[in-house]
Amino acid sequence: MKLLALTLAAGTLLAPRLSDACAKATPRGEEVQIADEEAVIVWDPATRTEQFIRRARFSSTTKSFGFLVPTPTVPQLGEVTGNIFWSLQHAIRPAVEHDTSGFDVRFGSLLWEACELGMMKGASDDARAVSAVRVISTAHVAGFDATTVEADDATALAGWLAGHGFATTPQLTDWLAHYVNEKWKITAFVVASDQTEGQSFDLATRAVKMTFQTERPFYPYREPIEVPAAKLPAANDRTLRVYFLSNQHYQARLAEAPWHARVLYSAPVALDTELAALAGPNPTASVFIDEQAPRKGIDELYFMPAASQADIKQPPFIIKDPTKILIPLDVILLVALIGWRISVRRKRRRAAKS
């Protein structure tokens, strides 16, 4: 999601607990990078309700930092288990097909085959706001402390963040100004690592669910323009995977142009109990993979019904399984030996009679 990572000073307002961000603000010499992230968006077009679920993994030079999430209306916060991401990966996995054409002829031993089968079987058995900034709600969810605010002035909001331990920059203030002008709400989270020491920290967030009303389903993709990080290695493998669940096939646009992300899957999908309670038992899942680095976060991602409603699935995984023909050398040798012994005995009998 479009999160803004902000370094926290020691002893800050929001008890440390949360995650990172797309937009970083670390002027005190600290840096935060997203290693990879996943999001599930459940969209109900009838009620104009979006449920946004996200988790991410970060690399940071500080063990405690924050991030900001913009939404057009006040969100309700909740938690879901990380199992939903695993279950979705399982649901969209490629079909497995067996190719039984052809023959696989090999020499071997029936005795060894029997022993090997037995061995295999044995193994398998084993704060306060200034007038221009208003706190709407606070919550502790999924291990995070979260505060949702609204503001009339971006500079005042940046000042409020600074007063609560968030490091701010002119780039962050410009980023905030867009949402202040649009009358959006900002939810500030905090995350902390359990590591006690180190020059860098790896942090992973739990799955937080934000439910809110919006005219258009979206993913918060906009980021402040920042100077590239110097202390952490470049996140060239940064990957974003978005699962969009709704009543039909959807596509995404960025700044009124088609999003560059690859569509991995788009088809009806059967969900587990937890996800079915949010999206229904058999919604259509559109899955997008974004591997662009650096990411061009110039606007939000907005989703709309796709022009083509044809299913898109991953190519089947082909398992070559030709007809196996075993030529048992041990049996052939045994038969040859028996034949030789019989032949020798017959010769001896003939010799004895003569």
# chains A, B, ... in the order shown; residues from 1 in each chain; ligands from 1

call {"tool": "residues_around", "arguments": {"residues": "Glu38 of chain A", "least_positions_apart": "4", "cutoff": "8 Å", "atoms": "only C-alpha atoms", "output": "list in words"}}
result
Arg54, Arg55, Ala56, Phe85, Leu240, Arg241, Val242 and Tyr243 of chain A

call {"tool": "write_last_selection", "arguments": {"atoms": "all heavy atoms", "output": "compact mmCIF listing (two decimals), in the first residue's frame"}}
result
# COMPACT_ATOMS: atom_id res chain seq x y z
N ARG A 54 -2.88 -5.56 4.13
CA ARG A 54 -1.50 -5.47 3.66
C ARG A 54 -0.52 -6.02 4.68
O ARG A 54 -0.73 -5.91 5.88
CB ARG A 54 -1.13 -4.01 3.38
CG ARG A 54 0.31 -3.81 2.92
CD ARG A 54 0.63 -2.33 2.84
NE ARG A 54 1.94 -2.07 2.31
CZ ARG A 54 3.04 -1.97 3.06
NH1 ARG A 54 2.95 -2.13 4.36
NH2 ARG A 54 4.21 -1.73 2.50
N ARG A 55 0.55 -6.61 4.15
CA ARG A 55 1.69 -6.97 4.98
C ARG A 55 2.95 -6.72 4.17
O ARG A 55 2.93 -6.71 2.94
CB ARG A 55 1.63 -8.44 5.44
CG ARG A 55 1.87 -9.46 4.34
CD ARG A 55 1.91 -10.86 4.91
NE ARG A 55 2.16 -11.86 3.86
CZ ARG A 55 2.25 -13.16 4.08
NH1 ARG A 55 2.07 -13.64 5.30
NH2 ARG A 55 2.49 -14.00 3.09
N ALA A 56 4.08 -6.50 4.87
CA ALA A 56 5.31 -6.17 4.16
C ALA A 56 6.51 -6.60 4.98
O ALA A 56 6.42 -6.86 6.18
CB ALA A 56 5.38 -4.66 3.87
N PHE A 85 -2.90 -14.92 2.72
CA PHE A 85 -1.99 -14.78 1.60
C PHE A 85 -1.56 -16.16 1.10
O PHE A 85 -1.48 -16.40 -0.11
CB PHE A 85 -0.77 -13.94 1.99
CG PHE A 85 -1.11 -12.51 2.30
CD1 PHE A 85 -1.35 -12.10 3.60
CD2 PHE A 85 -1.20 -11.58 1.28
CE1 PHE A 85 -1.67 -10.78 3.89
CE2 PHE A 85 -1.52 -10.25 1.55
CZ PHE A 85 -1.76 -9.86 2.85
N LEU A 240 5.85 -6.11 -5.42
CA LEU A 240 4.51 -5.85 -4.88
C LEU A 240 3.54 -6.80 -5.56
O LEU A 240 3.50 -6.88 -6.79
CB LEU A 240 4.09 -4.40 -5.15
CG LEU A 240 2.60 -4.07 -4.93
CD1 LEU A 240 2.22 -4.25 -3.47
CD2 LEU A 240 2.28 -2.66 -5.41
N ARG A 241 2.78 -7.53 -4.75
CA ARG A 241 1.76 -8.42 -5.29
C ARG A 241 0.40 -7.97 -4.73
O ARG A 241 0.25 -7.84 -3.52
CB ARG A 241 2.03 -9.87 -4.87
CG ARG A 241 1.01 -10.88 -5.40
CD ARG A 241 1.33 -12.30 -4.95
NE ARG A 241 2.62 -12.73 -5.43
CZ ARG A 241 2.83 -13.90 -6.03
NH1 ARG A 241 1.83 -14.74 -6.23
NH2 ARG A 241 4.03 -14.25 -6.43
N VAL A 242 -0.54 -7.69 -5.62
CA VAL A 242 -1.87 -7.22 -5.22
C VAL A 242 -2.92 -8.23 -5.68
O VAL A 242 -3.00 -8.55 -6.87
CB VAL A 242 -2.18 -5.83 -5.83
CG1 VAL A 242 -3.60 -5.41 -5.43
CG2 VAL A 242 -1.17 -4.80 -5.36
N TYR A 243 -3.70 -8.73 -4.73
CA TYR A 243 -4.84 -9.60 -5.02
C TYR A 243 -6.10 -8.73 -4.95
O TYR A 243 -6.43 -8.20 -3.88
CB TYR A 243 -4.96 -10.72 -3.98
CG TYR A 243 -3.77 -11.64 -3.90
CD1 TYR A 243 -2.70 -11.35 -3.05
CD2 TYR A 243 -3.71 -12.82 -4.64
CE1 TYR A 243 -1.61 -12.19 -2.94
CE2 TYR A 243 -2.62 -13.68 -4.53
CZ TYR A 243 -1.58 -13.36 -3.68
OH TYR A 243 -0.50 -14.20 -3.57

call {"tool": "residues_around", "arguments": {"residues": "segment 285-295 of chain A", "least_positions_apart": "2", "cutoff": "7 Å", "atoms": "only C-alpha atoms", "output": "list in words"}}
result
Asn236, Asp237, Arg238, Thr239, Leu240, Arg241, Val242, Tyr243, Phe244, Leu245, Ser246, His249, Tyr250, Ala261, Arg262, Val263, Leu264, Tyr265, Ser266, Ala267, Pro268, Val269, Pro283 and Gly297 of chain A

call {"tool": "write_last_selection", "arguments": {"atoms": "N, CA, C and O atoms", "output": "short mmCIF file (atom, residue, chain, number, x, y, z; two decimals), in the first residue's frame"}}
result
data_model
loop_
_atom_site.label_atom_id
_atom_site.label_comp_id
_atom_site.auth_asym_id
_atom_site.auth_seq_id
_atom_site.Cartn_x
_atom_site.Cartn_y
_atom_site.Cartn_z
N ASN A 236 16.62 -3.81 -5.43
CA ASN A 236 16.33 -4.08 -6.83
C ASN A 236 15.29 -5.17 -7.01
O ASN A 236 14.67 -5.28 -8.06
N ASP A 237 15.13 -6.01 -5.99
CA ASP A 237 14.18 -7.10 -6.10
C ASP A 237 12.86 -6.79 -5.39
O ASP A 237 12.10 -7.68 -5.07
N ARG A 238 12.61 -5.53 -5.14
CA ARG A 238 11.38 -5.14 -4.47
C ARG A 238 10.17 -5.58 -5.30
O ARG A 238 10.07 -5.25 -6.48
N THR A 239 9.28 -6.30 -4.68
CA THR A 239 8.13 -6.85 -5.39
C THR A 239 6.84 -6.50 -4.66
O THR A 239 6.77 -6.60 -3.44
N LEU A 240 5.85 -6.11 -5.42
CA LEU A 240 4.51 -5.85 -4.88
C LEU A 240 3.54 -6.80 -5.56
O LEU A 240 3.50 -6.88 -6.79
N ARG A 241 2.78 -7.53 -4.75
CA ARG A 241 1.76 -8.42 -5.29
C ARG A 241 0.40 -7.97 -4.73
O ARG A 241 0.25 -7.84 -3.52
N VAL A 242 -0.54 -7.69 -5.62
CA VAL A 242 -1.87 -7.22 -5.22
C VAL A 242 -2.92 -8.23 -5.68
O VAL A 242 -3.00 -8.55 -6.87
N TYR A 243 -3.70 -8.73 -4.73
CA TYR A 243 -4.84 -9.60 -5.02
C TYR A 243 -6.10 -8.73 -4.95
O TYR A 243 -6.43 -8.20 -3.88
N PHE A 244 -6.78 -8.58 -6.06
CA PHE A 244 -7.99 -7.77 -6.09
C PHE A 244 -9.19 -8.70 -6.24
O PHE A 244 -9.32 -9.42 -7.23
N LEU A 245 -10.07 -8.71 -5.23
CA LEU A 245 -11.22 -9.61 -5.19
C LEU A 245 -12.51 -8.82 -5.35
O LEU A 245 -12.78 -7.90 -4.58
N SER A 246 -13.30 -9.18 -6.36
CA SER A 246 -14.58 -8.51 -6.58
C SER A 246 -15.49 -9.41 -7.40
O SER A 246 -15.29 -10.62 -7.46
N HIS A 249 -13.68 -9.39 -13.52
CA HIS A 249 -12.28 -9.11 -13.81
C HIS A 249 -12.03 -7.61 -13.73
O HIS A 249 -12.83 -6.81 -14.23
N TYR A 250 -10.89 -7.24 -13.10
CA TYR A 250 -10.54 -5.83 -12.96
C TYR A 250 -9.15 -5.57 -13.53
O TYR A 250 -8.30 -6.47 -13.61
N ALA A 261 2.16 -3.30 -14.26
CA ALA A 261 2.28 -4.59 -13.56
C ALA A 261 1.80 -5.75 -14.44
O ALA A 261 0.91 -5.61 -15.27
N ARG A 262 2.39 -6.91 -14.20
CA ARG A 262 2.01 -8.12 -14.93
C ARG A 262 0.77 -8.74 -14.28
O ARG A 262 0.69 -8.84 -13.05
N VAL A 263 -0.21 -9.14 -15.09
CA VAL A 263 -1.39 -9.83 -14.58
C VAL A 263 -1.07 -11.32 -14.52
O VAL A 263 -0.93 -11.99 -15.54
N LEU A 264 -0.93 -11.82 -13.31
CA LEU A 264 -0.58 -13.23 -13.12
C LEU A 264 -1.79 -14.14 -13.25
O LEU A 264 -1.68 -15.27 -13.74
N TYR A 265 -2.95 -13.62 -12.84
CA TYR A 265 -4.15 -14.47 -12.76
C TYR A 265 -5.37 -13.57 -12.75
O TYR A 265 -5.36 -12.49 -12.17
N SER A 266 -6.44 -13.98 -13.40
CA SER A 266 -7.71 -13.27 -13.32
C SER A 266 -8.82 -14.26 -13.67
O SER A 266 -9.07 -14.55 -14.84
N ALA A 267 -9.48 -14.76 -12.64
CA ALA A 267 -10.50 -15.79 -12.84
C ALA A 267 -11.22 -16.01 -11.51
O ALA A 267 -10.73 -15.62 -10.45
N PRO A 268 -12.41 -16.63 -11.54
CA PRO A 268 -13.08 -16.98 -10.29
C PRO A 268 -12.19 -17.89 -9.44
O PRO A 268 -11.43 -18.71 -9.99
N VAL A 269 -12.27 -17.74 -8.14
CA VAL A 269 -11.41 -18.51 -7.25
C VAL A 269 -12.18 -18.91 -6.00
O VAL A 269 -13.00 -18.14 -5.48
N PRO A 283 -15.44 -15.28 -5.45
CA PRO A 283 -15.30 -14.03 -6.21
C PRO A 283 -14.31 -14.22 -7.35
O PRO A 283 -13.66 -15.27 -7.49
N GLY A 297 6.03 6.22 -8.06
CA GLY A 297 4.80 6.46 -7.31
C GLY A 297 4.25 7.85 -7.53
O GLY A 297 4.26 8.69 -6.62
#

call {"tool": "select_by_dssp", "arguments": {"residues": "segment 204-348 of chain A", "states": "strand (DSSP E or B)", "output": "MDAnalysis selection string"}}
result
chainID A and resid 204 208:213 218:219 239:246 250:254 257:258 262:268 284:290 301:305 312 317:320 323:328

call {"tool": "atom_distance", "arguments": {"atom1": "atom CA of Thr187 of chain A", "atom2": "atom CA of Glu215 of chain A"}}
result
19.1 Å

call {"tool": "residues_around", "arguments": {"residues": "Leu271 of chain A", "least_positions_apart": "6", "cutoff": "9 Å", "atoms": "only C-alpha atoms", "output": "list of chain:residue names"}}
result
A:Ile84, A:Ser87, A:Leu88, A:Ala91, A:Ala279, A:Gly280, A:Pro281, A:Asn282, A:Pro283

call {"tool": "atom_distance", "arguments": {"atom1": "atom CA of Asp299 of chain A", "atom2": "atom CA of Asp44 of chain A"}}
result
22.5 Å

call {"tool": "residues_around", "arguments": {"residues": "Trp175 of chain A", "least_positions_apart": "4", "cutoff": "8 Å", "atoms": "only C-alpha atoms", "output": "list of chain:residue names"}}
result
A:Gln171, A:Tyr179, A:Glu223, A:Pro224

call {"tool": "select_by_dssp", "arguments": {"residues": "segment 172-344 of chain A", "states": "helix (DSSP H, G or I)", "output": "number ranges by chain"}}
result
A: 172-181, 273-279, 329-344

call {"tool": "write_last_selection", "arguments": {"atoms": "C-alpha atoms", "output": "mmCIF file, in the first residue's frame"}}
result
data_model
loop_
_atom_site.group_PDB
_atom_site.id
_atom_site.type_symbol
_atom_site.label_atom_id
_atom_site.label_comp_id
_atom_site.auth_asym_id
_atom_site.auth_seq_id
_atom_site.Cartn_x
_atom_site.Cartn_y
_atom_site.Cartn_z
ATOM 1 C CA LEU A 172 6.868 14.657 3.092
ATOM 2 C CA THR A 173 5.047 17.965 3.522
ATOM 3 C CA ASP A 174 4.433 18.109 -0.244
ATOM 4 C CA TRP A 175 3.143 14.525 -0.124
ATOM 5 C CA LEU A 176 0.801 15.380 2.736
ATOM 6 C CA ALA A 177 -0.465 18.496 0.918
ATOM 7 C CA HIS A 178 -2.050 16.368 -1.806
ATOM 8 C CA TYR A 179 -4.168 14.451 0.709
ATOM 9 C CA VAL A 180 -4.981 17.517 2.800
ATOM 10 C CA ASN A 181 -6.292 19.256 -0.328
ATOM 11 C CA THR A 273 -13.317 -19.696 5.350
ATOM 12 C CA GLU A 274 -11.594 -16.517 6.550
ATOM 13 C CA LEU A 275 -11.440 -14.855 3.136
ATOM 14 C CA ALA A 276 -14.888 -16.102 2.096
ATOM 15 C CA ALA A 277 -16.308 -14.217 5.087
ATOM 16 C CA LEU A 278 -14.866 -11.004 3.608
ATOM 17 C CA ALA A 279 -15.333 -11.500 -0.131
ATOM 18 C CA LEU A 329 18.703 -57.500 -15.673
ATOM 19 C CA ASP A 330 18.621 -59.598 -12.512
ATOM 20 C CA VAL A 331 15.718 -61.659 -13.851
ATOM 21 C CA ILE A 332 17.391 -62.041 -17.264
ATOM 22 C CA LEU A 333 20.608 -63.140 -15.587
ATOM 23 C CA LEU A 334 18.742 -65.603 -13.370
ATOM 24 C CA VAL A 335 16.909 -67.108 -16.333
ATOM 25 C CA ALA A 336 20.173 -67.349 -18.284
ATOM 26 C CA LEU A 337 21.865 -69.049 -15.336
ATOM 27 C CA ILE A 338 19.040 -71.541 -14.932
ATOM 28 C CA GLY A 339 19.097 -72.226 -18.667
ATOM 29 C CA TRP A 340 22.849 -72.769 -18.570
ATOM 30 C CA ARG A 341 22.555 -75.191 -15.629
ATOM 31 C CA ILE A 342 19.813 -77.150 -17.392
ATOM 32 C CA SER A 343 21.917 -77.303 -20.552
ATOM 33 C CA VAL A 344 24.969 -78.562 -18.617
#

call {"tool": "residues_around", "arguments": {"residues": "Val141 of chain A", "least_positions_apart": "2", "cutoff": "10 Å", "atoms": "only C-alpha atoms", "output": "NGL selection string"}}
result
:A and (17-18 or 77-79 or 138-139 or 143-146 or 189 or 206-209)
